[in-house]
Each structure stands twice: as C-alpha cells, then as structure tokens.
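Here's upload-v3.cif, which has mmCIF, C-alpha atoms and all ligand atoms:
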```
data_target
#
loop_
_atom_site.group_PDB
_atom_site.id
_atom_site.type_symbol
_atom_site.label_atom_id
_atom_site.label_comp_id
_atom_site.auth_asym_id
_atom_site.auth_seq_id
_atom_site.Cartn_x
_atom_site.Cartn_y
_atom_site.Cartn_z
ATOM 1 C CA MET A 109 -7.687 -4.619 18.478
ATOM 2 C CA ALA A 110 -10.066 -5.840 15.799
ATOM 3 C CA GLY A 111 -8.557 -7.409 12.716
ATOM 4 C CA ILE A 112 -7.882 -5.453 9.531
ATOM 5 C CA TRP A 113 -8.061 -6.191 5.799
ATOM 6 C CA ILE A 114 -5.097 -5.396 3.539
ATOM 7 C CA ASP A 115 -5.406 -4.758 -0.207
ATOM 8 C CA THR A 116 -2.030 -4.774 -1.901
ATOM 9 C CA ASP A 117 -0.043 -4.884 -5.139
ATOM 10 C CA MET A 118 2.721 -6.757 -3.265
ATOM 11 C CA GLY A 119 5.954 -4.984 -4.040
ATOM 12 C CA SER A 120 8.821 -4.620 -1.580
ATOM 13 C CA ASP A 121 7.308 -1.757 0.414
ATOM 14 C CA ASP A 122 3.960 -3.560 0.509
ATOM 15 C CA ALA A 123 5.688 -6.520 2.183
ATOM 16 C CA PHE A 124 7.387 -4.182 4.673
ATOM 17 C CA ALA A 125 3.971 -2.686 5.454
ATOM 18 C CA VAL A 126 2.328 -6.095 5.998
ATOM 19 C CA ILE A 127 5.194 -7.165 8.281
ATOM 20 C CA LEU A 128 4.787 -3.974 10.324
ATOM 21 C CA ALA A 129 1.004 -4.242 10.556
ATOM 22 C CA ALA A 130 1.102 -7.945 11.451
ATOM 23 C CA ARG A 131 3.203 -7.170 14.550
ATOM 24 C CA HIS A 132 0.445 -4.972 15.939
ATOM 25 C CA VAL A 133 -2.956 -6.142 14.673
ATOM 26 C CA PRO A 134 -4.561 -9.358 13.414
ATOM 27 C CA ILE A 135 -4.818 -9.540 9.633
ATOM 28 C CA ASP A 136 -8.214 -11.048 8.771
ATOM 29 C CA GLY A 137 -7.648 -11.135 5.020
ATOM 30 C CA MET A 138 -5.601 -9.874 2.111
ATOM 31 C CA SER A 139 -6.720 -9.095 -1.438
ATOM 32 C CA LEU A 140 -4.309 -8.722 -4.323
ATOM 33 C CA VAL A 141 -4.486 -6.134 -7.102
ATOM 34 C CA ALA A 142 -2.463 -5.465 -10.235
ATOM 35 C CA GLY A 143 -0.143 -2.497 -9.785
ATOM 36 C CA ASN A 144 3.564 -2.826 -9.109
ATOM 37 C CA ALA A 145 3.382 -5.805 -11.452
ATOM 38 C CA PRO A 146 0.628 -7.670 -13.332
ATOM 39 C CA LEU A 147 -1.706 -9.636 -11.039
ATOM 40 C CA ALA A 148 -0.026 -12.977 -11.793
ATOM 41 C CA GLN A 149 3.324 -11.659 -10.534
ATOM 42 C CA VAL A 150 1.718 -9.909 -7.553
ATOM 43 C CA THR A 151 0.073 -13.236 -6.708
ATOM 44 C CA ARG A 152 3.374 -15.113 -6.929
ATOM 45 C CA ASN A 153 4.982 -12.503 -4.675
ATOM 46 C CA ALA A 154 2.233 -12.836 -2.063
ATOM 47 C CA ALA A 155 2.490 -16.636 -2.112
ATOM 48 C CA GLY A 156 6.263 -16.368 -1.764
ATOM 49 C CA PHE A 157 6.079 -14.078 1.275
ATOM 50 C CA ALA A 158 3.362 -16.242 2.815
ATOM 51 C CA GLY A 159 5.711 -19.239 2.578
ATOM 52 C CA LEU A 160 8.791 -17.340 3.754
ATOM 53 C CA LEU A 161 7.104 -15.559 6.665
ATOM 54 C CA GLY A 162 4.405 -18.057 7.624
ATOM 55 C CA TRP A 163 1.457 -15.829 6.805
ATOM 56 C CA ASP A 164 -1.645 -17.856 7.707
ATOM 57 C CA PHE A 165 -4.395 -15.358 6.858
ATOM 58 C CA PRO A 166 -6.602 -15.809 3.760
ATOM 59 C CA ILE A 167 -5.128 -14.362 0.553
ATOM 60 C CA LEU A 168 -7.636 -13.652 -2.240
ATOM 61 C CA ALA A 169 -7.159 -12.720 -5.862
ATOM 62 C CA GLY A 170 -8.442 -9.319 -6.953
ATOM 63 C CA VAL A 171 -8.727 -7.938 -10.436
ATOM 64 C CA ALA A 172 -6.108 -7.872 -13.138
ATOM 65 C CA ARG A 173 -7.051 -4.579 -14.810
ATOM 66 C CA PRO A 174 -8.056 -1.095 -13.707
ATOM 67 C CA ILE A 175 -11.674 0.067 -13.905
ATOM 68 C CA LEU A 176 -11.357 1.899 -17.221
ATOM 69 C CA GLY A 177 -7.804 2.650 -18.284
ATOM 70 C CA PRO A 178 -5.032 0.361 -19.570
ATOM 71 C CA LEU A 179 -2.946 -1.740 -17.161
ATOM 72 C CA GLU A 180 -0.031 0.358 -15.897
ATOM 73 C CA THR A 181 2.702 -1.277 -13.805
ATOM 74 C CA ALA A 182 5.872 -0.033 -12.106
ATOM 75 C CA GLN A 183 8.039 -2.788 -13.586
ATOM 76 C CA ARG A 184 10.137 -0.281 -15.518
ATOM 77 C CA ILE A 185 11.356 0.932 -12.114
ATOM 78 C CA LEU A 186 11.132 -2.242 -10.037
ATOM 79 C CA GLY A 187 11.982 -4.958 -12.563
ATOM 80 C CA ASP A 188 9.750 -7.838 -13.680
ATOM 81 C CA SER A 189 9.304 -9.312 -10.181
ATOM 82 C CA ALA A 190 8.623 -5.908 -8.540
ATOM 83 C CA LEU A 191 10.923 -7.184 -5.774
ATOM 84 C CA PRO A 192 14.405 -5.802 -6.567
ATOM 85 C CA LEU A 193 16.989 -7.684 -4.496
ATOM 86 C CA ARG A 194 20.620 -7.265 -3.509
ATOM 87 C CA GLY A 195 22.811 -10.323 -4.079
ATOM 88 C CA GLU A 196 22.177 -13.488 -6.111
ATOM 89 C CA ALA A 197 20.319 -15.618 -3.536
ATOM 90 C CA PRO A 198 16.614 -16.027 -4.425
ATOM 91 C CA LEU A 199 14.202 -14.636 -1.862
ATOM 92 C CA PHE A 200 11.786 -17.561 -2.020
ATOM 93 C CA GLU A 201 12.192 -21.335 -2.235
ATOM 94 C CA ALA A 202 11.654 -22.641 -5.766
ATOM 95 C CA ASP A 203 8.163 -24.002 -5.009
ATOM 96 C CA ALA A 204 7.136 -21.159 -2.678
ATOM 97 C CA CYS A 205 4.790 -19.611 -5.215
ATOM 98 C CA ALA A 206 2.944 -22.841 -5.950
ATOM 99 C CA GLY A 207 0.079 -21.793 -3.687
ATOM 100 C CA ALA A 208 -0.677 -18.764 -5.814
ATOM 101 C CA ALA A 209 -2.980 -20.702 -8.126
ATOM 102 C CA SER A 210 -5.350 -21.520 -5.267
ATOM 103 C CA PHE A 211 -6.257 -17.955 -4.295
ATOM 104 C CA GLY A 212 -10.015 -17.512 -4.675
ATOM 105 C CA PRO A 213 -11.895 -14.349 -5.706
ATOM 106 C CA PHE A 214 -11.742 -11.491 -3.197
ATOM 107 C CA LEU A 215 -15.243 -9.994 -3.378
ATOM 108 C CA PRO A 216 -17.220 -12.711 -1.544
ATOM 109 C CA SER A 217 -14.643 -12.877 1.275
ATOM 110 C CA LEU A 218 -14.268 -9.119 1.688
ATOM 111 C CA SER A 219 -18.049 -8.705 1.574
ATOM 112 C CA ALA A 220 -18.575 -11.421 4.208
ATOM 113 C CA TRP A 221 -15.892 -9.825 6.396
ATOM 114 C CA LEU A 222 -17.709 -6.497 6.284
ATOM 115 C CA GLU A 223 -21.158 -8.086 6.730
ATOM 116 C CA ALA A 224 -19.963 -9.794 9.911
ATOM 117 C CA ALA A 225 -18.661 -6.526 11.362
ATOM 118 C CA ASP A 226 -20.210 -5.505 14.665
ATOM 119 C CA GLU A 227 -18.158 -2.288 14.558
ATOM 120 C CA PRO A 228 -16.680 -0.246 11.702
ATOM 121 C CA ARG A 229 -13.735 -2.036 10.098
ATOM 122 C CA SER A 230 -10.308 -0.742 9.018
ATOM 123 C CA ILE A 231 -8.893 -1.465 5.575
ATOM 124 C CA LEU A 232 -5.256 -0.794 4.648
ATOM 125 C CA ALA A 233 -4.874 -0.146 0.903
ATOM 126 C CA LEU A 234 -1.354 -0.253 -0.496
ATOM 127 C CA GLY A 235 -1.912 -0.213 -4.242
ATOM 128 C CA PRO A 236 -4.337 0.986 -6.901
ATOM 129 C CA LEU A 237 -7.880 1.108 -5.467
ATOM 130 C CA THR A 238 -9.473 -1.066 -8.164
ATOM 131 C CA ASN A 239 -10.685 -3.868 -5.864
ATOM 132 C CA LEU A 240 -12.198 -1.453 -3.381
ATOM 133 C CA ALA A 241 -13.921 0.516 -6.117
ATOM 134 C CA ILE A 242 -15.462 -2.739 -7.344
ATOM 135 C CA LEU A 243 -16.664 -3.433 -3.797
ATOM 136 C CA ALA A 244 -18.202 0.060 -3.722
ATOM 137 C CA LEU A 245 -20.010 -0.535 -7.032
ATOM 138 C CA ALA A 246 -21.113 -4.108 -6.294
ATOM 139 C CA ARG A 247 -21.967 -3.759 -2.586
ATOM 140 C CA PRO A 248 -22.694 -0.109 -1.761
ATOM 141 C CA ASP A 249 -24.678 -1.381 1.245
ATOM 142 C CA LEU A 250 -21.400 -2.379 2.906
ATOM 143 C CA LEU A 251 -19.557 0.935 2.634
ATOM 144 C CA ASP A 252 -20.837 2.216 5.975
ATOM 145 C CA ARG A 253 -19.110 -0.809 7.560
ATOM 146 C CA ILE A 254 -15.738 0.723 6.594
ATOM 147 C CA GLY A 255 -14.638 2.931 9.476
ATOM 148 C CA ARG A 256 -11.286 3.852 7.906
ATOM 149 C CA LEU A 257 -9.817 3.215 4.479
ATOM 150 C CA VAL A 258 -6.146 4.065 5.030
ATOM 151 C CA TRP A 259 -4.438 4.390 1.633
ATOM 152 C CA MET A 260 -0.906 5.033 0.521
ATOM 153 C CA GLY A 261 -1.579 7.033 -2.599
ATOM 154 C CA GLY A 262 -1.923 10.383 -4.268
ATOM 155 C CA ALA A 263 0.288 13.448 -4.208
ATOM 156 C CA VAL A 264 -0.571 16.890 -2.904
ATOM 157 C CA GLY A 265 2.673 18.047 -4.526
ATOM 158 C CA ARG A 266 4.709 16.513 -7.307
ATOM 159 C CA GLY A 267 4.131 12.982 -8.528
ATOM 160 C CA ASN A 268 6.471 10.039 -8.867
ATOM 161 C CA HIS A 269 5.166 7.914 -11.756
ATOM 162 C CA THR A 270 4.537 11.089 -13.741
ATOM 163 C CA PRO A 271 5.396 14.654 -12.782
ATOM 164 C CA SER A 272 1.708 15.079 -11.851
ATOM 165 C CA ALA A 273 0.649 11.769 -10.389
ATOM 166 C CA GLU A 274 1.599 9.220 -7.768
ATOM 167 C CA PHE A 275 1.650 5.634 -9.076
ATOM 168 C CA ASN A 276 -1.309 4.091 -7.180
ATOM 169 C CA ALA A 277 -3.551 6.982 -8.228
ATOM 170 C CA PHE A 278 -2.214 7.037 -11.796
ATOM 171 C CA ALA A 279 -2.745 3.284 -12.219
ATOM 172 C CA ASP A 280 -6.504 3.617 -11.604
ATOM 173 C CA PRO A 281 -7.747 7.205 -11.109
ATOM 174 C CA GLU A 282 -11.372 6.262 -11.768
ATOM 175 C CA ALA A 283 -11.222 3.879 -8.800
ATOM 176 C CA VAL A 284 -10.119 6.696 -6.493
ATOM 177 C CA GLN A 285 -12.908 8.980 -7.718
ATOM 178 C CA ILE A 286 -15.537 6.254 -7.326
ATOM 179 C CA LEU A 287 -14.605 5.878 -3.645
ATOM 180 C CA LEU A 288 -14.361 9.624 -3.021
ATOM 181 C CA ASP A 289 -17.810 10.110 -4.596
ATOM 182 C CA ARG A 290 -19.344 7.545 -2.237
ATOM 183 C CA GLY A 291 -18.195 9.032 1.031
ATOM 184 C CA VAL A 292 -15.766 6.276 1.995
ATOM 185 C CA ALA A 293 -13.632 7.553 4.897
ATOM 186 C CA LEU A 294 -10.407 7.767 2.889
ATOM 187 C CA HIS A 295 -7.329 8.565 4.993
ATOM 188 C CA ILE A 296 -4.530 9.376 2.559
ATOM 189 C CA LEU A 297 -0.776 8.993 3.085
ATOM 190 C CA ASP A 298 0.397 10.821 -0.005
ATOM 191 C CA LEU A 299 3.885 11.195 -1.450
ATOM 192 C CA ASP A 300 4.585 14.388 0.507
ATOM 193 C CA ALA A 301 3.952 12.550 3.778
ATOM 194 C CA CYS A 302 5.819 9.376 2.823
ATOM 195 C CA ARG A 303 8.862 11.268 1.527
ATOM 196 C CA ARG A 304 9.518 12.368 5.106
ATOM 197 C CA VAL A 305 10.205 8.782 6.200
ATOM 198 C CA LEU A 306 13.495 7.627 4.653
ATOM 199 C CA ILE A 307 15.860 4.665 4.882
ATOM 200 C CA ASP A 308 19.517 4.571 3.866
ATOM 201 C CA GLU A 309 22.550 2.270 3.649
ATOM 202 C CA ALA A 310 23.130 2.268 7.408
ATOM 203 C CA ASP A 311 19.648 0.814 7.899
ATOM 204 C CA VAL A 312 20.384 -2.005 5.430
ATOM 205 C CA THR A 313 23.670 -2.786 7.192
ATOM 206 C CA ALA A 314 21.993 -2.831 10.608
ATOM 207 C CA LEU A 315 19.198 -5.072 9.325
ATOM 208 C CA ALA A 316 21.660 -7.590 7.859
ATOM 209 C CA ALA A 317 23.279 -7.880 11.312
ATOM 210 C CA ALA A 318 19.972 -8.237 13.196
ATOM 211 C CA GLU A 319 18.966 -11.401 15.027
ATOM 212 C CA GLY A 320 15.697 -12.078 13.246
ATOM 213 C CA ARG A 321 15.229 -15.429 11.473
ATOM 214 C CA ASN A 322 14.648 -13.561 8.194
ATOM 215 C CA SER A 323 16.661 -10.405 8.752
ATOM 216 C CA VAL A 324 19.265 -11.336 6.102
ATOM 217 C CA ALA A 325 16.476 -11.849 3.536
ATOM 218 C CA MET A 326 14.866 -8.588 4.648
ATOM 219 C CA ALA A 327 18.219 -6.823 4.240
ATOM 220 C CA GLN A 328 18.454 -8.236 0.679
ATOM 221 C CA LEU A 329 14.999 -6.812 0.006
ATOM 222 C CA LEU A 330 15.572 -3.455 1.749
ATOM 223 C CA GLY A 331 18.920 -3.083 -0.046
ATOM 224 C CA GLY A 332 17.334 -3.757 -3.422
ATOM 225 C CA TYR A 333 14.591 -1.261 -2.527
ATOM 226 C CA LEU A 334 17.187 1.369 -1.507
ATOM 227 C CA ASP A 335 19.044 0.791 -4.776
ATOM 228 C CA ILE A 336 16.010 2.281 -6.591
ATOM 229 C CA ALA A 337 17.100 5.623 -5.094
ATOM 230 C CA LEU A 338 20.890 5.068 -5.112
ATOM 231 C CA THR A 339 20.910 4.275 -8.826
ATOM 232 C CA ARG A 340 19.150 7.608 -9.390
ATOM 233 C CA GLY A 341 21.705 9.590 -7.411
ATOM 234 C CA ARG A 342 19.654 9.883 -4.224
ATOM 235 C CA PRO A 343 21.211 8.741 -0.882
ATOM 236 C CA ALA A 344 17.949 7.558 0.710
ATOM 237 C CA MET A 345 14.618 5.935 -0.239
ATOM 238 C CA ALA A 346 11.151 6.801 1.063
ATOM 239 C CA LEU A 347 9.204 4.110 2.910
ATOM 240 C CA TYR A 348 5.850 4.441 1.150
ATOM 241 C CA ASP A 349 3.481 1.651 2.188
ATOM 242 C CA PRO A 350 4.871 1.170 5.732
ATOM 243 C CA VAL A 351 3.872 4.786 6.456
ATOM 244 C CA ALA A 352 0.259 3.868 5.707
ATOM 245 C CA ALA A 353 0.552 0.778 7.910
ATOM 246 C CA ALA A 354 1.909 2.956 10.715
ATOM 247 C CA ALA A 355 -1.035 5.353 10.303
ATOM 248 C CA LEU A 356 -3.416 2.472 10.858
ATOM 249 C CA ILE A 357 -1.675 0.887 13.848
ATOM 250 C CA ALA A 358 -0.380 4.107 15.503
ATOM 251 C CA PRO A 359 -2.628 7.021 14.455
ATOM 252 C CA GLU A 360 -1.240 9.063 17.360
ATOM 253 C CA LEU A 361 1.923 9.524 15.282
ATOM 254 C CA PHE A 362 -0.023 11.407 12.589
ATOM 255 C CA THR A 363 -2.025 14.580 12.031
ATOM 256 C CA PHE A 364 -4.774 14.201 9.438
ATOM 257 C CA THR A 365 -6.390 17.280 7.900
ATOM 258 C CA PRO A 366 -9.788 17.203 6.165
ATOM 259 C CA ALA A 367 -9.694 18.149 2.492
ATOM 260 C CA ARG A 368 -11.661 17.893 -0.713
ATOM 261 C CA ILE A 369 -9.780 15.594 -3.056
ATOM 262 C CA GLN A 370 -10.651 15.318 -6.730
ATOM 263 C CA VAL A 371 -8.855 13.124 -9.214
ATOM 264 C CA GLU A 372 -7.987 14.211 -12.736
ATOM 265 C CA CYS A 373 -9.112 11.365 -15.003
ATOM 266 C CA SER A 374 -8.873 12.894 -18.468
ATOM 267 C CA GLY A 375 -5.869 15.222 -18.573
ATOM 268 C CA ALA A 376 -3.331 14.076 -21.159
ATOM 269 C CA LEU A 377 -0.475 15.219 -18.919
ATOM 270 C CA THR A 378 -2.224 15.221 -15.547
ATOM 271 C CA ARG A 379 -4.211 11.977 -15.434
ATOM 272 C CA GLY A 380 -4.074 10.539 -11.904
ATOM 273 C CA ARG A 381 -3.362 13.875 -10.227
ATOM 274 C CA THR A 382 -5.087 14.141 -6.830
ATOM 275 C CA VAL A 383 -6.127 17.777 -6.644
ATOM 276 C CA THR A 384 -6.347 18.532 -2.901
ATOM 277 C CA ASP A 385 -8.233 21.534 -1.467
ATOM 278 C CA PHE A 386 -7.720 22.034 2.272
ATOM 279 C CA THR A 387 -9.956 25.135 2.225
ATOM 280 C CA SER A 388 -13.100 23.441 0.887
ATOM 281 C CA PRO A 389 -16.262 23.584 3.050
ATOM 282 C CA ARG A 390 -17.113 20.129 1.600
ATOM 283 C CA PRO A 391 -14.225 17.827 2.536
ATOM 284 C CA ASN A 392 -14.453 14.224 1.295
ATOM 285 C CA GLY A 393 -11.332 12.753 2.863
ATOM 286 C CA TRP A 394 -8.397 13.243 5.184
ATOM 287 C CA VAL A 395 -4.748 13.801 4.232
ATOM 288 C CA ALA A 396 -1.790 13.253 6.579
ATOM 289 C CA THR A 397 -0.211 16.694 7.009
ATOM 290 C CA ASP A 398 2.176 15.903 9.863
ATOM 291 C CA LEU A 399 3.839 12.793 11.242
ATOM 292 C CA ASP A 400 6.520 11.555 13.620
ATOM 293 C CA ALA A 401 8.996 10.277 11.035
ATOM 294 C CA PRO A 402 11.645 8.927 13.484
ATOM 295 C CA ALA A 403 9.030 6.904 15.364
ATOM 296 C CA ILE A 404 7.568 5.491 12.151
ATOM 297 C CA ARG A 405 11.019 4.564 10.851
ATOM 298 C CA GLU A 406 11.896 2.835 14.100
ATOM 299 C CA ARG A 407 8.687 0.780 14.174
ATOM 300 C CA CYS A 408 9.132 -0.358 10.586
ATOM 301 C CA LEU A 409 12.833 -1.244 10.838
ATOM 302 C CA SER A 410 12.279 -2.968 14.186
ATOM 303 C CA ALA A 411 9.542 -5.115 12.635
ATOM 304 C CA LEU A 412 11.830 -6.130 9.746
ATOM 305 C CA ALA A 413 14.658 -6.982 12.165
ATOM 306 C CA GLN A 414 12.442 -9.343 14.171
ATOM 307 C CA VAL A 415 10.342 -11.046 11.503
HETATM 308 O O1 LIG B 501 3.844 5.377 -5.310
HETATM 309 C C1 LIG B 501 4.217 4.392 -4.364
HETATM 310 C C2 LIG B 501 3.195 3.296 -4.322
HETATM 311 O O2 LIG B 501 3.125 2.638 -5.597
HETATM 312 C C3 LIG B 501 3.548 2.180 -3.311
HETATM 313 O O3 LIG B 501 2.364 1.614 -2.817
HETATM 314 C C4 LIG B 501 4.278 1.180 -4.159
HETATM 315 O O4 LIG B 501 4.212 -0.147 -3.602
HETATM 316 C C5 LIG B 501 3.484 1.258 -5.433
HETATM 317 O O5 LIG B 501 2.301 0.473 -5.245
HETATM 318 CA CA CA B 502 2.064 -0.798 -3.029
#
```
Re-express the file's structure as structure tokens.
Amino acid sequence: MAGIWIDTDMGSDDAFAVILAARHVPIDGMSLVAGNAPLAQVTRNAAGFAGLLGWDFPILAGVARPILGPLETAQRILGDSALPLRGEAPLFEADACAGAASFGPFLPSLSAWLEAADEPRSILALGPLTNLAILALARPDLLDRIGRLVWMGGAVGRGNHTPSAEFNAFADPEAVQILLDRGVALHILDLDACRRVLIDEADVTALAAAEGRNSVAMAQLLGGYLDIALTRGRPAMALYDPVAAAALIAPELFTFTPARIQVECSGALTRGRTVTDFTSPRPNGWVATDLDAPAIRERCLSALAQV
C-alpha cells in the first residue's frame, strides 16, 4: 500500500492512531498542529513518542494558531502535557524531546510529497485542520492529488468541547470550511461514529499484562486516557483518533454516506458546529454512518499490545 501522511495534534488518542496506522501502512510524513495543546507541547509529545517507539519518518512543524480565531486547546481536560498518565513514571526519557527543536516547516515537505504522487494520496488528519487549510490556500494546484482526507472531527449530533461542537472543528472552523469549499474529499469520523468504539478498565489491565516491549507504557497512557471518562462518572472512553486510522487502513469496516457539511463560524453558542445534511443533492463530503466497532477495537488494542 502506498504511504500516507498524518497531520496531528499529538494527544494520547493521536498516538494510539499513529501506532495503529503504522502497523498497516508506511507513514511518509507527519505534520504537527496546535490543538490538544499549544504547538510547542505537541512538538515535544511527538519527539517523545518518536524516541520511545522508534518512529523514523519525517516529522514537520505546522502552525501554532488557527486560521482566524484564538488558539483553543483541550488542556483543561487533558492537562498541560495533553498526555494524562496513570502512575508516577514519566512516559519519555528526560532528553527524549530534545529533537523537537529540529522539526522543519511542514508546507514544503507536504507539497513535495503530493507533487511526487503518481496516484491520489491519503492523508489522515487527527486534529484541527489548520495545516491542511493552509496547504489548500497556498497550493490549490495540489488538492486533486489528495484522494482521501480522512479526518476525526465534527459532530452530527452533540458536541464534546461545547454542547454544539466537537473539539477539532471548534478549534479551527474556518479551516474546515476552506477545505469543504474546495472539494477536498473529506471523509469524516465524527463524534457519533467514534462514541461507538469504547475502551474500559479491562482493556487497560489486559494491555499492562501484554508482551509488547512498550505495553506497560501504553497501559499507563491508556489508563490515563480512560481516567478522563472515569473521573466524569462514565465507565468507558471513546477511541477517537484510532477510529479515523482504522477507516484509512480498513475501509471495509465502515459505511460512509455522502452529505453536505457546513460549518458554523460565527454563532456565539454554535461556533464549530458541523451542520450535516444527508438529503442534499450537492454533497461535499462523506460521513461514517456505520462501522464494525468490535473489529476496530481489536485492531487498535492489538497494535498497542505489540508496539
Ligand atoms: O474531539 C476529539 C478530538 O480532539 C481528538 O482528535 C483529540 O485528540 C482531540 O484532537
Ligand atoms: Ca487529535
């Protein structure tokens, strides 16, 4: 299979998604975007995982601010690092993040990757779409090289960061609209889809006992991720970004339905809402409306147990 590009705001579920994808397809490059945390922290997280897991693909720095609005992060939920952990042991070696300072700008590398494409390319987007919107504005000639832009984002139903909006859409709604307006083949794994793929305490326990070289560290990370739900009185946590990774590597596990998606950019209460019309004669994207949740869960947890 041809290599993919991953754009990410490198929180816990982003790392789970990269680990899953990397077991099935080559990763040709990764660009980082502010989202779960400010770009500097996202960059440190990516450098840390690269050192821990031996990632050898290029990692490039994206942009630190959304297209128009103020920077919005999820640190109030995730903590300053955006990598909530169980236990006291640090996830990364003290100097693991030293490489972060050397990450070059993403646009030349992503543009060259698309220019070299002899077939349409697949991009996996796991955070706000700021970097990809900038690509669309700076290099519109390359958009037809993108065969699929598979994005974890948006909410057909209720939001998570606000009652109306899912975080990745809320963090940069103008970026989503820019891409929708330019006919990029956006395949959306929204909150409704991702909320069907859950992990719980038994999964953390099983991961801690797995044979993988990093399964104890992954259990620390999955446990800290689960605690986001447990501390709010919920017994299980949705696997957001890994669901998007699964849609890219195993599309047979999903049903995508064409729809016309429009993003509210000015509503005081509804900014970031992805208004989705499945009846429109002018669809501009696809939304996952069915999926094989047990199979997706198994692929993700198996990847974490063996990394
Ligand atoms: O709303 C969930 C999304 O926001 C996930 O991609 C998570 O990593 C955060 O980026
Ligand atoms: Ca993410």
Residues of stretch 168-271 of chain A that approach stretch 297-309 of chain A to 8 Å or less, counting only C-alpha atoms: could you list each one with the shortest pair of atoms and its distance in Å to one decimal, rows by chain and increasing residue number, as CSV?
```
residue,atom,partner,partner_atom,distance
A:Val258,CA,A:Leu297,CA,7.5
A:Trp259,CA,A:Leu297,CA,6.1
A:Met260,CA,A:Leu297,CA,4.7
A:Gly261,CA,A:Asp298,CA,5.0
A:Gly262,CA,A:Asp298,CA,4.9
A:Ala263,CA,A:Asp298,CA,5.0
A:Val264,CA,A:Asp300,CA,6.7
A:Gly265,CA,A:Asp300,CA,6.5
A:Arg266,CA,A:Leu299,CA,8.0
A:Gly267,CA,A:Leu299,CA,7.3
A:Asn268,CA,A:Leu299,CA,7.9
```
query = Pick from A:Phe364, A:Phe124, A:Phe157, A:Phe165: nearest to ligand CA 502 (chain B), with all atoms listed in the file counted?
reply =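 Closest residue, counting all atoms listed in the file: A:Phe124.
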task = Using the chain letters and numbering of this document, enumerate as a VMD selection string the residues selected by the PyMOL selection byres (((chain A and resi 277-280) around 8) and not hetatm).
result = chain A and resid 143 174 to 177 179 to 181 236 to 238 261 to 262 269 273 to 276 281 to 284 379 to 382
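For the residues A:Leu161, A:Leu347, A:Met138, A:Ala202, ranking by smallest atom-to-atom distance to A:Cys408 using all atoms listed in the file places A:Leu347 first.
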inquiry  = Report, in Å to a single decimal, how far apart atom CA of A:Ala148 and atom CA of A:Ile296 are.
reply    =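 Calculated distance between atom CA of A:Ile296 and atom CA of A:Ala148 is 26.9 Å.
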message = I'd like the neighbourhood of A:Arg247 as a count of residues only, where a residue qualifies if any of its atoms comes within 12 Å (using all atoms listed in the file), though same-chain residues fewer than 2 positions away should be ignored.
response = 21
request  = All residues within 7 Å of ligand CA 502 (chain B) are required, counting only C-alpha atoms and all ligand atoms; please report them as a ChimeraX atom specification.
outcome  = /A:116-119,121-122,144,234-235,349
Given the selection you just returned, output its residues as a file containing C-alpha atoms, formatted as a PDB file, in the frame of the given file.
```
ATOM      1  CA  THR A 116      -2.030  -4.774  -1.901  1.00  0.00           C
ATOM      2  CA  ASP A 117      -0.043  -4.884  -5.139  1.00  0.00           C
ATOM      3  CA  MET A 118       2.721  -6.757  -3.265  1.00  0.00           C
ATOM      4  CA  GLY A 119       5.954  -4.984  -4.040  1.00  0.00           C
ATOM      5  CA  ASP A 121       7.308  -1.757   0.414  1.00  0.00           C
ATOM      6  CA  ASP A 122       3.960  -3.560   0.509  1.00  0.00           C
ATOM      7  CA  ASN A 144       3.564  -2.826  -9.109  1.00  0.00           C
ATOM      8  CA  LEU A 234      -1.354  -0.253  -0.496  1.00  0.00           C
ATOM      9  CA  GLY A 235      -1.912  -0.213  -4.242  1.00  0.00           C
ATOM     10  CA  ASP A 349       3.481   1.651   2.188  1.00  0.00           C
TER      11      ASP A 349
END
```
What box, with edges along x, y and z, holds each listed atom of ligand LIG 501 (chain B) when 5 Å is added on every side, and can you state its centre and edge lengths in Å to one decimal, as JSON?
```
{"center_x": 3.3, "center_y": 2.6, "center_z": -4.2, "size_x": 12.0, "size_y": 15.5, "size_z": 12.8}
```
inquiry  = as a list in words, please: the residues near A:Thr363 (cut-off 10 Å, only C-alpha atoms, same-chain neighbours under 3 positions excluded).
reply    =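 Selected residues are Ala355, Pro359, Glu360, Trp394, Val395, Ala396, Thr397, Asp398, Leu399 and Asp400 of chain A.
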message = Just checking: using only C-alpha atoms, which residue out of A:Ser272, A:Gln414, A:Ser230, A:Thr387 ends up closest to A:Leu257?
response =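 Nearest candidate to A:Leu257 out of A:Ser272, A:Gln414, A:Ser230, A:Thr387: A:Ser230.
Against this structure, the PyMOL selection byres (((chain A and resi 391) around 6) and not hetatm) ends up with Pro366, Ala367, Arg368, Ser388, Arg390, Asn392 and Gly393 of chain A.
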